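Data first, discussion second: the structure below is written as structure tokens.
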Amino acid sequence: MSTSRSLPSEPPVAEVAGLVVRRGGRAVLQGLDLRVGHGVTGLLGPSGSGKSTLMRALVGSQLVSAGTVTVLGHPAGSPAVRGRVGYATQSAGVYDDLSVAENLGFFARVLGVGGTEVERVLEVVDLAEQRDAVVGRLSGGQRGRVGLAVALLGSPGLLVLDEPTVGLDPVLRARLWGRFHELAAAGAAVLVSSHVMDEAERCDRLLLVREGRLLAEDTPAGLRERTGAGTVEDAFLALVEEGR
Ligand SMILES: Nc1ncnc2c1ncn2[C@@H]1O[C@H](COP(=O)(O)OP(=O)(O)OP(=O)(O)O)[C@@H](O)[C@H]1O
């Protein structure tokens, strides 16, 4: 079982204060306050609760209505943090007509990182054998891992991974969670979203969101203890009941 690596006295890697985001005329984030520290932080909540919107705000690609988002000591998306935040989404932003290695080589040049980075990240996501495969012919899960590999280029200080294990088989899912913890041990803060509550136990800390609001911020054990629930999923349900 994992333990909390984010000590309260540590300065946060990312800090969100009073964040309000409107999409489609509706406040989808309703005044969020939270911190992301070192280690692996899980961002969990039901579909539509605002996880992807929060992640977009952290990488600076979301228009915000109010509040502040600070990453590595600078405003999210500012030039000072460019290249220091890795972001992988469910719809990987990679080129279908290029091979895996060509994609990574292209993004490595854009980021100004050395070519040896391509080989390193290929190993991390277990795609070394598919390096010459055209991305358009890969499975959905493999394609997602190419996007993940792009996010890992240059060893960013903050990794923002939007549902990186969706659609993967249990063996690969377990292996990737192992990789996230290795990356965290090497110094990165890793924020991973999921709407699968059983992935919560793999995280050092959890941010539980619901309907654009933070429901709880704790370790998996802390959440279970607080609510007397046996699982994080039951803890989540207990917190929803409590808030009614
Ligand atoms: N482009 C958009 N225009 C208007 N509303 C949007 C847009 N994108 C998302 N939303 C709304 O914002 C809310 C939060 O969406 P978001 O994608 O952040 O949720 P999520 O928790 O990441 O969901 P999922 O787990 O399904 O990916 C949802 O109610 C969604 O309908």
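Chain labels follow the order of the structure tokens: the first chain is A, the next B, and so on; residue numbering restarts at 1 in every chain, and ligands are counted from 1 in their shown order.
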Each residue of chain A lying at most 10 Å from ligand 1 should get a row with its shortest atom-to-atom pair and the distance in Å to one decimal, counting only C-alpha atoms and all ligand atoms; could you produce that, ordered by chain and increasing number, as JSON lines?
{"residue": "A:Val21", "atom": "CA", "partner": "ligand 1", "partner_atom_place_in_ligand_line": "12 (O)", "distance": 8.9}
{"residue": "A:Arg22", "atom": "CA", "partner": "ligand 1", "partner_atom_place_in_ligand_line": "5 (N)", "distance": 7.9}
{"residue": "A:Arg23", "atom": "CA", "partner": "ligand 1", "partner_atom_place_in_ligand_line": "4 (C)", "distance": 4.3}
{"residue": "A:Gly24", "atom": "CA", "partner": "ligand 1", "partner_atom_place_in_ligand_line": "4 (C)", "distance": 3.7}
{"residue": "A:Gly25", "atom": "CA", "partner": "ligand 1", "partner_atom_place_in_ligand_line": "4 (C)", "distance": 7.4}
{"residue": "A:Arg26", "atom": "CA", "partner": "ligand 1", "partner_atom_place_in_ligand_line": "5 (N)", "distance": 7.5}
{"residue": "A:Ala27", "atom": "CA", "partner": "ligand 1", "partner_atom_place_in_ligand_line": "12 (O)", "distance": 8.1}
{"residue": "A:Val28", "atom": "CA", "partner": "ligand 1", "partner_atom_place_in_ligand_line": "13 (C)", "distance": 5.0}
{"residue": "A:Leu29", "atom": "CA", "partner": "ligand 1", "partner_atom_place_in_ligand_line": "14 (C)", "distance": 7.7}
{"residue": "A:Leu43", "atom": "CA", "partner": "ligand 1", "partner_atom_place_in_ligand_line": "21 (O)", "distance": 9.1}
{"residue": "A:Leu44", "atom": "CA", "partner": "ligand 1", "partner_atom_place_in_ligand_line": "21 (O)", "distance": 8.0}
{"residue": "A:Gly45", "atom": "CA", "partner": "ligand 1", "partner_atom_place_in_ligand_line": "21 (O)", "distance": 6.2}
{"residue": "A:Pro46", "atom": "CA", "partner": "ligand 1", "partner_atom_place_in_ligand_line": "25 (O)", "distance": 5.9}
{"residue": "A:Ser47", "atom": "CA", "partner": "ligand 1", "partner_atom_place_in_ligand_line": "26 (O)", "distance": 3.5}
{"residue": "A:Gly48", "atom": "CA", "partner": "ligand 1", "partner_atom_place_in_ligand_line": "19 (O)", "distance": 3.4}
{"residue": "A:Ser49", "atom": "CA", "partner": "ligand 1", "partner_atom_place_in_ligand_line": "21 (O)", "distance": 3.8}
{"residue": "A:Gly50", "atom": "CA", "partner": "ligand 1", "partner_atom_place_in_ligand_line": "18 (O)", "distance": 3.2}
{"residue": "A:Lys51", "atom": "CA", "partner": "ligand 1", "partner_atom_place_in_ligand_line": "21 (O)", "distance": 3.8}
{"residue": "A:Ser52", "atom": "CA", "partner": "ligand 1", "partner_atom_place_in_ligand_line": "22 (O)", "distance": 3.6}
{"residue": "A:Thr53", "atom": "CA", "partner": "ligand 1", "partner_atom_place_in_ligand_line": "18 (O)", "distance": 3.7}
{"residue": "A:Leu54", "atom": "CA", "partner": "ligand 1", "partner_atom_place_in_ligand_line": "18 (O)", "distance": 6.5}
{"residue": "A:Met55", "atom": "CA", "partner": "ligand 1", "partner_atom_place_in_ligand_line": "18 (O)", "distance": 8.0}
{"residue": "A:Arg56", "atom": "CA", "partner": "ligand 1", "partner_atom_place_in_ligand_line": "18 (O)", "distance": 8.4}
{"residue": "A:Ala57", "atom": "CA", "partner": "ligand 1", "partner_atom_place_in_ligand_line": "18 (O)", "distance": 10.0}
{"residue": "A:Thr89", "atom": "CA", "partner": "ligand 1", "partner_atom_place_in_ligand_line": "27 (O)", "distance": 9.6}
{"residue": "A:Gln90", "atom": "CA", "partner": "ligand 1", "partner_atom_place_in_ligand_line": "27 (O)", "distance": 8.2}
{"residue": "A:Asp162", "atom": "CA", "partner": "ligand 1", "partner_atom_place_in_ligand_line": "22 (O)", "distance": 7.8}
{"residue": "A:Glu163", "atom": "CA", "partner": "ligand 1", "partner_atom_place_in_ligand_line": "27 (O)", "distance": 7.7}
{"residue": "A:Ser193", "atom": "CA", "partner": "ligand 1", "partner_atom_place_in_ligand_line": "22 (O)", "distance": 7.9}
{"residue": "A:Ser194", "atom": "CA", "partner": "ligand 1", "partner_atom_place_in_ligand_line": "25 (O)", "distance": 6.8}
{"residue": "A:His195", "atom": "CA", "partner": "ligand 1", "partner_atom_place_in_ligand_line": "25 (O)", "distance": 5.6}
{"residue": "A:Val196", "atom": "CA", "partner": "ligand 1", "partner_atom_place_in_ligand_line": "25 (O)", "distance": 9.1}
{"residue": "A:Val209", "atom": "CA", "partner": "ligand 1", "partner_atom_place_in_ligand_line": "21 (O)", "distance": 8.1}
{"residue": "A:Arg210", "atom": "CA", "partner": "ligand 1", "partner_atom_place_in_ligand_line": "21 (O)", "distance": 8.1}
{"residue": "A:Glu211", "atom": "CA", "partner": "ligand 1", "partner_atom_place_in_ligand_line": "29 (O)", "distance": 7.8}
{"residue": "A:Gly212", "atom": "CA", "partner": "ligand 1", "partner_atom_place_in_ligand_line": "14 (C)", "distance": 7.3}
Mind running region 30-142 of chain A against region 181-184 of chain A at 9 Å and telling me each contacting residue's nearest atom pair with the distance in Å (one decimal), counting only C-alpha atoms, chain and number ascending, as a tab-separated table?
residue	atom	partner	partner_atom	distance
A:His38	CA	A:Ala184	CA	6.8
A:Gly39	CA	A:Ala184	CA	4.9
A:Val40	CA	A:Ala184	CA	6.3
Discussion item. When DSSP is applied to the backbone of this structure, which of region 22-140 of chain A are assigned alpha helix (DSSP H)? Write them out as a ChimeraX atom specification.
Written reply: /A:51-59,100-111,116-124,140
Restricting it to N, CA, C and O atoms, dump the selection as a short mmCIF file (atom, residue, chain, number, x, y, z; two decimals), in the first residue's frame.
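The resulting file, result_25.cif, is shown below:
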data_model
loop_
_atom_site.label_atom_id
_atom_site.label_comp_id
_atom_site.auth_asym_id
_atom_site.auth_seq_id
_atom_site.Cartn_x
_atom_site.Cartn_y
_atom_site.Cartn_z
N LYS A 51 -13.34 16.98 -13.78
CA LYS A 51 -11.94 16.57 -13.68
C LYS A 51 -11.11 17.11 -14.86
O LYS A 51 -10.05 17.69 -14.68
N SER A 52 -11.62 16.86 -16.07
CA SER A 52 -10.86 17.30 -17.25
C SER A 52 -10.75 18.82 -17.29
O SER A 52 -9.71 19.37 -17.67
N THR A 53 -11.81 19.50 -16.87
CA THR A 53 -11.80 20.97 -16.86
C THR A 53 -10.72 21.47 -15.90
O THR A 53 -9.96 22.39 -16.23
N LEU A 54 -10.63 20.86 -14.72
CA LEU A 54 -9.60 21.24 -13.75
C LEU A 54 -8.21 20.98 -14.32
O LEU A 54 -7.30 21.81 -14.19
N MET A 55 -8.03 19.85 -14.99
CA MET A 55 -6.72 19.53 -15.56
C MET A 55 -6.34 20.53 -16.64
O MET A 55 -5.19 20.96 -16.73
N ARG A 56 -7.32 20.92 -17.46
CA ARG A 56 -7.06 21.92 -18.50
C ARG A 56 -6.63 23.25 -17.85
O ARG A 56 -5.76 23.94 -18.37
N ALA A 57 -7.27 23.58 -16.72
CA ALA A 57 -6.89 24.82 -16.02
C ALA A 57 -5.45 24.71 -15.50
O ALA A 57 -4.69 25.68 -15.55
N LEU A 58 -5.06 23.54 -15.03
CA LEU A 58 -3.70 23.36 -14.51
C LEU A 58 -2.64 23.48 -15.60
O LEU A 58 -1.53 23.94 -15.34
N VAL A 59 -2.98 23.05 -16.82
CA VAL A 59 -1.99 23.15 -17.89
C VAL A 59 -2.12 24.47 -18.65
O VAL A 59 -1.37 24.75 -19.57
N VAL A 100 5.27 5.81 -34.25
CA VAL A 100 5.41 6.14 -32.83
C VAL A 100 6.69 6.96 -32.61
O VAL A 100 6.67 8.04 -32.00
N ALA A 101 7.82 6.45 -33.15
CA ALA A 101 9.10 7.12 -32.93
C ALA A 101 9.14 8.48 -33.63
O ALA A 101 9.72 9.44 -33.10
N GLU A 102 8.51 8.57 -34.82
CA GLU A 102 8.48 9.86 -35.53
C GLU A 102 7.70 10.89 -34.73
O GLU A 102 8.09 12.06 -34.62
N ASN A 103 6.56 10.47 -34.16
CA ASN A 103 5.79 11.38 -33.30
C ASN A 103 6.64 11.89 -32.16
O ASN A 103 6.71 13.09 -31.90
N LEU A 104 7.29 10.95 -31.47
CA LEU A 104 8.07 11.34 -30.29
C LEU A 104 9.26 12.21 -30.69
O LEU A 104 9.60 13.17 -29.99
N GLY A 105 9.88 11.88 -31.83
CA GLY A 105 11.01 12.68 -32.31
C GLY A 105 10.56 14.11 -32.61
O GLY A 105 11.24 15.08 -32.25
N PHE A 106 9.36 14.23 -33.21
CA PHE A 106 8.82 15.55 -33.53
C PHE A 106 8.62 16.37 -32.25
O PHE A 106 9.09 17.50 -32.12
N PHE A 107 7.92 15.76 -31.26
CA PHE A 107 7.63 16.50 -30.03
C PHE A 107 8.91 16.77 -29.22
O PHE A 107 9.03 17.79 -28.55
N ALA A 108 9.88 15.86 -29.31
CA ALA A 108 11.16 16.09 -28.62
C ALA A 108 11.85 17.32 -29.20
O ALA A 108 12.41 18.14 -28.46
N ARG A 109 11.76 17.48 -30.53
CA ARG A 109 12.38 18.67 -31.16
C ARG A 109 11.64 19.94 -30.75
O ARG A 109 12.25 20.96 -30.45
N VAL A 110 10.30 19.86 -30.75
CA VAL A 110 9.50 21.03 -30.35
C VAL A 110 9.89 21.48 -28.93
O VAL A 110 10.02 22.66 -28.64
N LEU A 111 10.06 20.49 -28.05
CA LEU A 111 10.38 20.80 -26.64
C LEU A 111 11.87 21.08 -26.43
O LEU A 111 12.27 21.51 -25.35
N THR A 116 17.72 11.04 -27.05
CA THR A 116 17.76 9.87 -26.15
C THR A 116 16.48 9.81 -25.31
O THR A 116 16.10 8.75 -24.83
N GLU A 117 15.82 10.96 -25.17
CA GLU A 117 14.55 11.01 -24.45
C GLU A 117 13.51 10.11 -25.11
O GLU A 117 12.67 9.51 -24.44
N VAL A 118 13.55 10.03 -26.45
CA VAL A 118 12.57 9.22 -27.18
C VAL A 118 12.68 7.77 -26.75
O VAL A 118 11.67 7.12 -26.42
N GLU A 119 13.90 7.25 -26.69
CA GLU A 119 14.09 5.85 -26.31
C GLU A 119 13.67 5.63 -24.86
O GLU A 119 13.06 4.63 -24.52
N ARG A 120 13.98 6.60 -24.00
CA ARG A 120 13.63 6.46 -22.59
C ARG A 120 12.11 6.37 -22.40
O ARG A 120 11.61 5.45 -21.74
N VAL A 121 11.36 7.30 -23.01
CA VAL A 121 9.91 7.30 -22.78
C VAL A 121 9.23 6.11 -23.45
O VAL A 121 8.22 5.62 -22.95
N LEU A 122 9.82 5.63 -24.57
CA LEU A 122 9.26 4.42 -25.21
C LEU A 122 9.30 3.24 -24.25
O LEU A 122 8.36 2.45 -24.17
N GLU A 123 10.40 3.15 -23.51
CA GLU A 123 10.55 2.06 -22.52
C GLU A 123 9.53 2.25 -21.38
O GLU A 123 8.91 1.29 -20.95
N VAL A 124 9.38 3.49 -20.92
CA VAL A 124 8.50 3.75 -19.77
C VAL A 124 7.07 3.30 -20.08
O VAL A 124 6.39 2.73 -19.22
N GLY A 140 -6.54 1.47 -29.48
CA GLY A 140 -6.85 2.68 -28.71
C GLY A 140 -5.93 2.83 -27.51
O GLY A 140 -5.44 3.93 -27.22
#
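What separates CA of Arg226 (chain A) from CA of Met197 (chain A) is a distance of 17.0 Å.
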Response to the item:
Separating CA of Asp132 (chain A) from CA of Val160 (chain A), to the nearest tenth of an Å, is a gap of 26.5 Å
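Across the model, the gap from CA of Arg82 (chain A) to CA of Val16 (chain A) is 18.0 Å.
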Discussion item. Using only C-alpha atoms, which protein or nucleic acid residues come within 8 Å of Leu98 (chain A)? Drop anything in the same chain fewer than 5 positions from it, and give the result as a list of chain:residue names.
Written reply: A:Asn103, A:Val134, A:Val135, A:Gly136
Item to complete: Per DSSP on the backbone, filter region 88-168 of chain A down to the residues in strand (DSSP E or B) and report them as a PyMOL selection string.
Response: chain A and resi 88+99+134+158-161
Just-selected residues, all heavy atoms written as a PDB file, in the first residue's frame:
ATOM      1  N   ALA A  88      -1.323  14.616 -20.740  1.00  0.00           N
ATOM      2  CA  ALA A  88      -1.832  13.590 -21.660  1.00  0.00           C
ATOM      3  C   ALA A  88      -3.343  13.500 -21.480  1.00  0.00           C
ATOM      4  O   ALA A  88      -3.838  13.434 -20.358  1.00  0.00           O
ATOM      5  CB  ALA A  88      -1.180  12.244 -21.363  1.00  0.00           C
ATOM      6  N   SER A  99       4.885   7.395 -37.506  1.00  0.00           N
ATOM      7  CA  SER A  99       5.144   6.250 -36.617  1.00  0.00           C
ATOM      8  C   SER A  99       5.253   6.756 -35.173  1.00  0.00           C
ATOM      9  O   SER A  99       5.357   7.968 -34.919  1.00  0.00           O
ATOM     10  CB  SER A  99       6.439   5.548 -37.023  1.00  0.00           C
ATOM     11  OG  SER A  99       7.544   6.334 -36.633  1.00  0.00           O
ATOM     12  N   VAL A 134       2.896   2.696 -37.463  1.00  0.00           N
ATOM     13  CA  VAL A 134       2.166   3.935 -37.741  1.00  0.00           C
ATOM     14  C   VAL A 134       1.062   4.055 -36.682  1.00  0.00           C
ATOM     15  O   VAL A 134       0.323   3.097 -36.435  1.00  0.00           O
ATOM     16  CB  VAL A 134       1.572   3.886 -39.175  1.00  0.00           C
ATOM     17  CG1 VAL A 134       0.680   5.099 -39.437  1.00  0.00           C
ATOM     18  CG2 VAL A 134       2.697   3.818 -40.195  1.00  0.00           C
ATOM     19  N   LEU A 158       5.609  18.494 -13.241  1.00  0.00           N
ATOM     20  CA  LEU A 158       4.205  18.147 -12.981  1.00  0.00           C
ATOM     21  C   LEU A 158       3.662  17.385 -14.183  1.00  0.00           C
ATOM     22  O   LEU A 158       3.762  17.843 -15.323  1.00  0.00           O
ATOM     23  CB  LEU A 158       3.365  19.413 -12.755  1.00  0.00           C
ATOM     24  CG  LEU A 158       1.845  19.207 -12.628  1.00  0.00           C
ATOM     25  CD1 LEU A 158       1.503  18.370 -11.394  1.00  0.00           C
ATOM     26  CD2 LEU A 158       1.111  20.550 -12.564  1.00  0.00           C
ATOM     27  N   LEU A 159       3.111  16.212 -13.893  1.00  0.00           N
ATOM     28  CA  LEU A 159       2.484  15.407 -14.941  1.00  0.00           C
ATOM     29  C   LEU A 159       0.984  15.392 -14.703  1.00  0.00           C
ATOM     30  O   LEU A 159       0.529  15.005 -13.630  1.00  0.00           O
ATOM     31  CB  LEU A 159       2.991  13.965 -14.869  1.00  0.00           C
ATOM     32  CG  LEU A 159       4.281  13.677 -15.595  1.00  0.00           C
ATOM     33  CD1 LEU A 159       4.808  12.313 -15.184  1.00  0.00           C
ATOM     34  CD2 LEU A 159       4.060  13.711 -17.105  1.00  0.00           C
ATOM     35  N   VAL A 160       0.236  15.819 -15.695  1.00  0.00           N
ATOM     36  CA  VAL A 160      -1.216  15.874 -15.587  1.00  0.00           C
ATOM     37  C   VAL A 160      -1.770  14.842 -16.569  1.00  0.00           C
ATOM     38  O   VAL A 160      -1.669  15.009 -17.788  1.00  0.00           O
ATOM     39  CB  VAL A 160      -1.721  17.298 -15.932  1.00  0.00           C
ATOM     40  CG1 VAL A 160      -3.225  17.367 -15.876  1.00  0.00           C
ATOM     41  CG2 VAL A 160      -1.106  18.319 -14.981  1.00  0.00           C
ATOM     42  N   LEU A 161      -2.307  13.759 -16.031  1.00  0.00           N
ATOM     43  CA  LEU A 161      -2.687  12.626 -16.883  1.00  0.00           C
ATOM     44  C   LEU A 161      -4.187  12.381 -16.759  1.00  0.00           C
ATOM     45  O   LEU A 161      -4.686  11.976 -15.711  1.00  0.00           O
ATOM     46  CB  LEU A 161      -1.895  11.373 -16.470  1.00  0.00           C
ATOM     47  CG  LEU A 161      -0.372  11.568 -16.351  1.00  0.00           C
ATOM     48  CD1 LEU A 161       0.300  10.286 -15.872  1.00  0.00           C
ATOM     49  CD2 LEU A 161       0.223  12.022 -17.681  1.00  0.00           C
TER      50      LEU A 161
END
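Within the 10 Å cut-off around Val125 (chain A), using only C-alpha atoms and omitting residues fewer than 2 positions from it on the same chain, the listed residues are Arg120, Val121, Leu122, Glu123, Leu127, Ala128, Gln142, Gly144, Arg145, Val146, Gly147, Leu148, Ala149, Leu152, Leu172, Arg175, Leu176 and Arg179 of chain A.
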Item to complete: Would you list the contacts of Pro156 (chain A) as a list of chain:residue names, taking every protein, DNA or RNA residue within 7 Å and counting only C-alpha atoms, but skipping same-chain residues closer than 3 positions in sequence?
Response: A:Gly83, A:Arg84, A:Val85, A:Gly86, A:Leu152, A:Leu159, A:Ala188
